[in-house]
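> One structure, as structure tokens, below. Some questions next.
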Amino acid sequence: MDEGTELCVTIGQIVQRLKGTHLHSQIERQAKECLHQPDIRLESLKEDVRSFLRTSGEHTQDIYLQLPPSHPAAPPEHLKEPLAYMRKAQASWEKRVLKSLNSMSSELGVPLARRRPTLEQKELTNKWNEMGTDEPDLSRFRPVYAPKDFLEVLISLRNPNHDSSEEVSVRSHWGLIQIPLNVRDVPQLRRAYSELNMATGQLGIDDHAHVHPVVSEQDSAAAQQYSRQGCPTELRADLWALILNSTNQPQDVMHYEQLKAGVIQHDLLVDNLIYKDVKLTASNDDYYFVFEDFLYQVLLCFSRDTAVLDHFKYNSATPPKSYMEGVIPFHGFSMYVAPLCFLYNEPSKLYSVFREMYIRYFFRLHSISSSQSGIVSLCLQFERLLQTHLPQLFYHLRQIGAQPLRIAFKWMVRAFSGYLSTDQLLLLWDRILGYDSLEIVAVLAAAVFAFRSENLMEVTSLASAEAVLADLSTLKVMPLIQIFLFATAI
């Protein structure tokens, strides 16, 4: 590994360890301010940082001590994802998705990308704010994959070095996920999510629980801590932007405009998949259909944003990429954006916040990794929680061919977007941001099964189990999570 690559990996590790801390928010804010100073030159920035690190060893020593030890010859991909079989599975999944996209391109005779004629560019520019009025023929296009296809890949995962027959507990064989990963049990979750206990005021239960001038202080770490107990509706947009360090500076607006220009100049096959997904999901949703235009604007720009992929140099998985290096959307992808439309009505700000949410959290829900917030760990945690605390229910559903994960997977892969009412979904996402983890999604999925357990014990088929759990729009998120974590006998 050359010095430049090694430095990039080291910096990436430091940033990951610092995220969510007060120091991180201070550094990021200072860096943004420095970039606007006339004596800072981008061409010499790398050397300036290197010389600073060399001359201030004692100040940076504490940060380096926090980094996990790594072998000097370890390739970057090993540092991103330590398990070889996970890396292999993710690479195989990426190839499969790309093959599906290329096959669609060949079958339909539609190029992966083409430059729009001048007249078409003008038409798109004129209707940019009303793309929802378009009714293109999308009948030939199909989603590259749906969550159920991805679930089958996760079910087939096996650790070649692990003999499952050595497991002491027979319960480990009940679930669909058959790989050994460390996931937290209820006592550990109680300690990790202690702010959610029943003695602490929660927005979503007690809506006068706490009010704090955290936005005016512009402290990202304090905002993150504050959101663990829920964000007031009128402050949520500012708090989330603060936690994500999404400031919507002139350069952010300019970046969005550049992406918009890319959409107007080039037509991608992926654009049709985005149109189709929005039409199939958000446009048919009572909460989100009014935001159809926003969804097209944000997602079309996102498909051109190569800066998103820089993030995956340091993270544990790389989502499949299309021509022009954008992320390939799957069925339901637009539902990651839709709830944010309630908070932000300025496209560049909405885009900036969504991009940060995606590269911090959402990408983990459709890529294979051993991360504690990754979809594999969430599935395993959901099954373990259910097996441990509702073994009779789990066994009953398994016996009638209604494996719980087959029902809950679609909720988790979308972080419950499109299933909960919007006010409840935003309360859930408050906690995702507050704890910088998607773990709470698996806890809620198990809590939903616990809440409906009496009805589920009466069902005799997968179809009837799905019918019992078909409508989650009346559920209240925080009471369910609190009861499951803090009022369940262990």
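Chain labels follow the order of the structure tokens: the first chain is A, the next B, and so on; residue numbering restarts at 1 in every chain, and ligands are counted from 1 in their shown order.
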Sort by chain and increasing residue number a table of all residues of region 123-149 of chain A within 12 Å of region 397-413 of chain A, each with its closest pair of atoms and their distance in Å to one decimal, counting only C-alpha atoms, and write it as a Markdown table.

| residue | atom | partner | partner_atom | distance |
| --- | --- | --- | --- | --- |
| A:Ala146 | CA | A:Lys410 | CA | 9.3 |
| A:Pro147 | CA | A:Lys410 | CA | 6.3 |
| A:Lys148 | CA | A:Lys410 | CA | 7.5 |
| A:Asp149 | CA | A:Lys410 | CA | 10.9 |
> Return as JSON lines the residues of region 186-303 of chain A lying at most 10 Å from region 102-118 of chain A, together with the closest atom-to-atom pair for each and the distance in Å to one decimal, counting only C-alpha atoms, with rows in chain order and ascending residue number.

{"residue": "A:Gly262", "atom": "CA", "partner": "A:Arg115", "partner_atom": "CA", "distance": 9.7}
{"residue": "A:Val263", "atom": "CA", "partner": "A:Arg116", "partner_atom": "CA", "distance": 9.4}
{"residue": "A:Ile264", "atom": "CA", "partner": "A:Arg116", "partner_atom": "CA", "distance": 7.4}
{"residue": "A:Gln265", "atom": "CA", "partner": "A:Arg116", "partner_atom": "CA", "distance": 5.6}
{"residue": "A:His266", "atom": "CA", "partner": "A:Arg115", "partner_atom": "CA", "distance": 4.4}
{"residue": "A:Asp267", "atom": "CA", "partner": "A:Arg114", "partner_atom": "CA", "distance": 5.4}
{"residue": "A:Leu268", "atom": "CA", "partner": "A:Ala113", "partner_atom": "CA", "distance": 4.3}
{"residue": "A:Leu269", "atom": "CA", "partner": "A:Leu112", "partner_atom": "CA", "distance": 4.9}
{"residue": "A:Val270", "atom": "CA", "partner": "A:Leu112", "partner_atom": "CA", "distance": 7.5}
{"residue": "A:Asp271", "atom": "CA", "partner": "A:Ala113", "partner_atom": "CA", "distance": 9.6}
> Keeping C-alpha atoms, export the residues of the selection given above as an mmCIF file, in the first residue's frame.

data_model
loop_
_atom_site.group_PDB
_atom_site.id
_atom_site.type_symbol
_atom_site.label_atom_id
_atom_site.label_comp_id
_atom_site.auth_asym_id
_atom_site.auth_seq_id
_atom_site.Cartn_x
_atom_site.Cartn_y
_atom_site.Cartn_z
ATOM 1 C CA GLY A 262 -25.898 16.493 -15.305
ATOM 2 C CA VAL A 263 -29.477 15.194 -15.190
ATOM 3 C CA ILE A 264 -30.544 17.654 -17.891
ATOM 4 C CA GLN A 265 -27.589 16.799 -20.144
ATOM 5 C CA HIS A 266 -27.636 12.997 -19.857
ATOM 6 C CA ASP A 267 -30.389 10.396 -19.763
ATOM 7 C CA LEU A 268 -29.567 7.191 -17.840
ATOM 8 C CA LEU A 269 -31.299 3.816 -17.851
ATOM 9 C CA VAL A 270 -31.360 4.152 -14.071
ATOM 10 C CA ASP A 271 -33.631 7.219 -14.459
#
> Within 9 Å of Glu257 (chain A), counting only C-alpha atoms, which residues show up once you throw out same-chain ones fewer than 4 positions away? Write them as a list in words, please.
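Contacts, in chain order: Asp252, Val253, Ala261, Gly262, Cys301 and Ser348 of chain A.
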> Do you have the CA of Ser352 (chain A)-CA of Leu309 (chain A) distance handy?
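These two atoms are separated by 14.7 Å.
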> Going by DSSP on the backbone, which residues of region 99-135 of chain A come out as alpha helix (DSSP H)? List them as a list in words.
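Residues meeting the alpha helix (DSSP H) criterion: Lys99, Ser100, Leu101, Asn102, Ser103, Met104, Ser105, Ser106, Glu107, Leu108, Thr118, Leu119, Glu120, Gln121, Lys122, Glu123, Leu124, Thr125 and Asn126 of chain A.
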> Residues within 12 Å of Leu154 (chain A), please, as a ChimeraX atom specification. Count only C-alpha atoms; anything in the same chain fewer than 3 positions from it doesn't count.
/A:85-86,89-90,92-93,147-151,157-159,175-179,365-370,374-380,405-406,409
> Mind giving me the straight-line distance from CA of Gln188 (chain A) to CA of Leu428 (chain A) in Å, one decimal?
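These two atoms are separated by 19.6 Å.
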> I'd like to know which of A:Thr281, A:Arg384, A:Val186, A:Glu458 is closest to Gly418 (chain A), using only C-alpha atoms.
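Using only C-alpha atoms, the shortest distance to Gly418 (chain A) belongs to A:Thr281.
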> When you count only C-alpha atoms, which of these residues is closest to Gly132 (chain A): A:Ala282, A:Leu462, A:Leu385, A:Val353?
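The closest residue to Gly132 (chain A) is A:Ala282.
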> Pick from A:Gln249, A:Gln297, A:Gln482, A:Gln258: nearest to Ala446 (chain A), with only C-alpha atoms counted?
A:Gln482
> Quote the spacing between CA of Asn455 (chain A) and CA of Phe394 (chain A) in Å to one decimal place.
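These two atoms are separated by 13.1 Å.
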> So, with only C-alpha atoms as the atoms that count, which of A:Gln218, A:Gln229, A:Asn284, A:Gln121 lies closest to Met198 (chain A)?
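Closest to Met198 (chain A), using only C-alpha atoms: A:Gln229.
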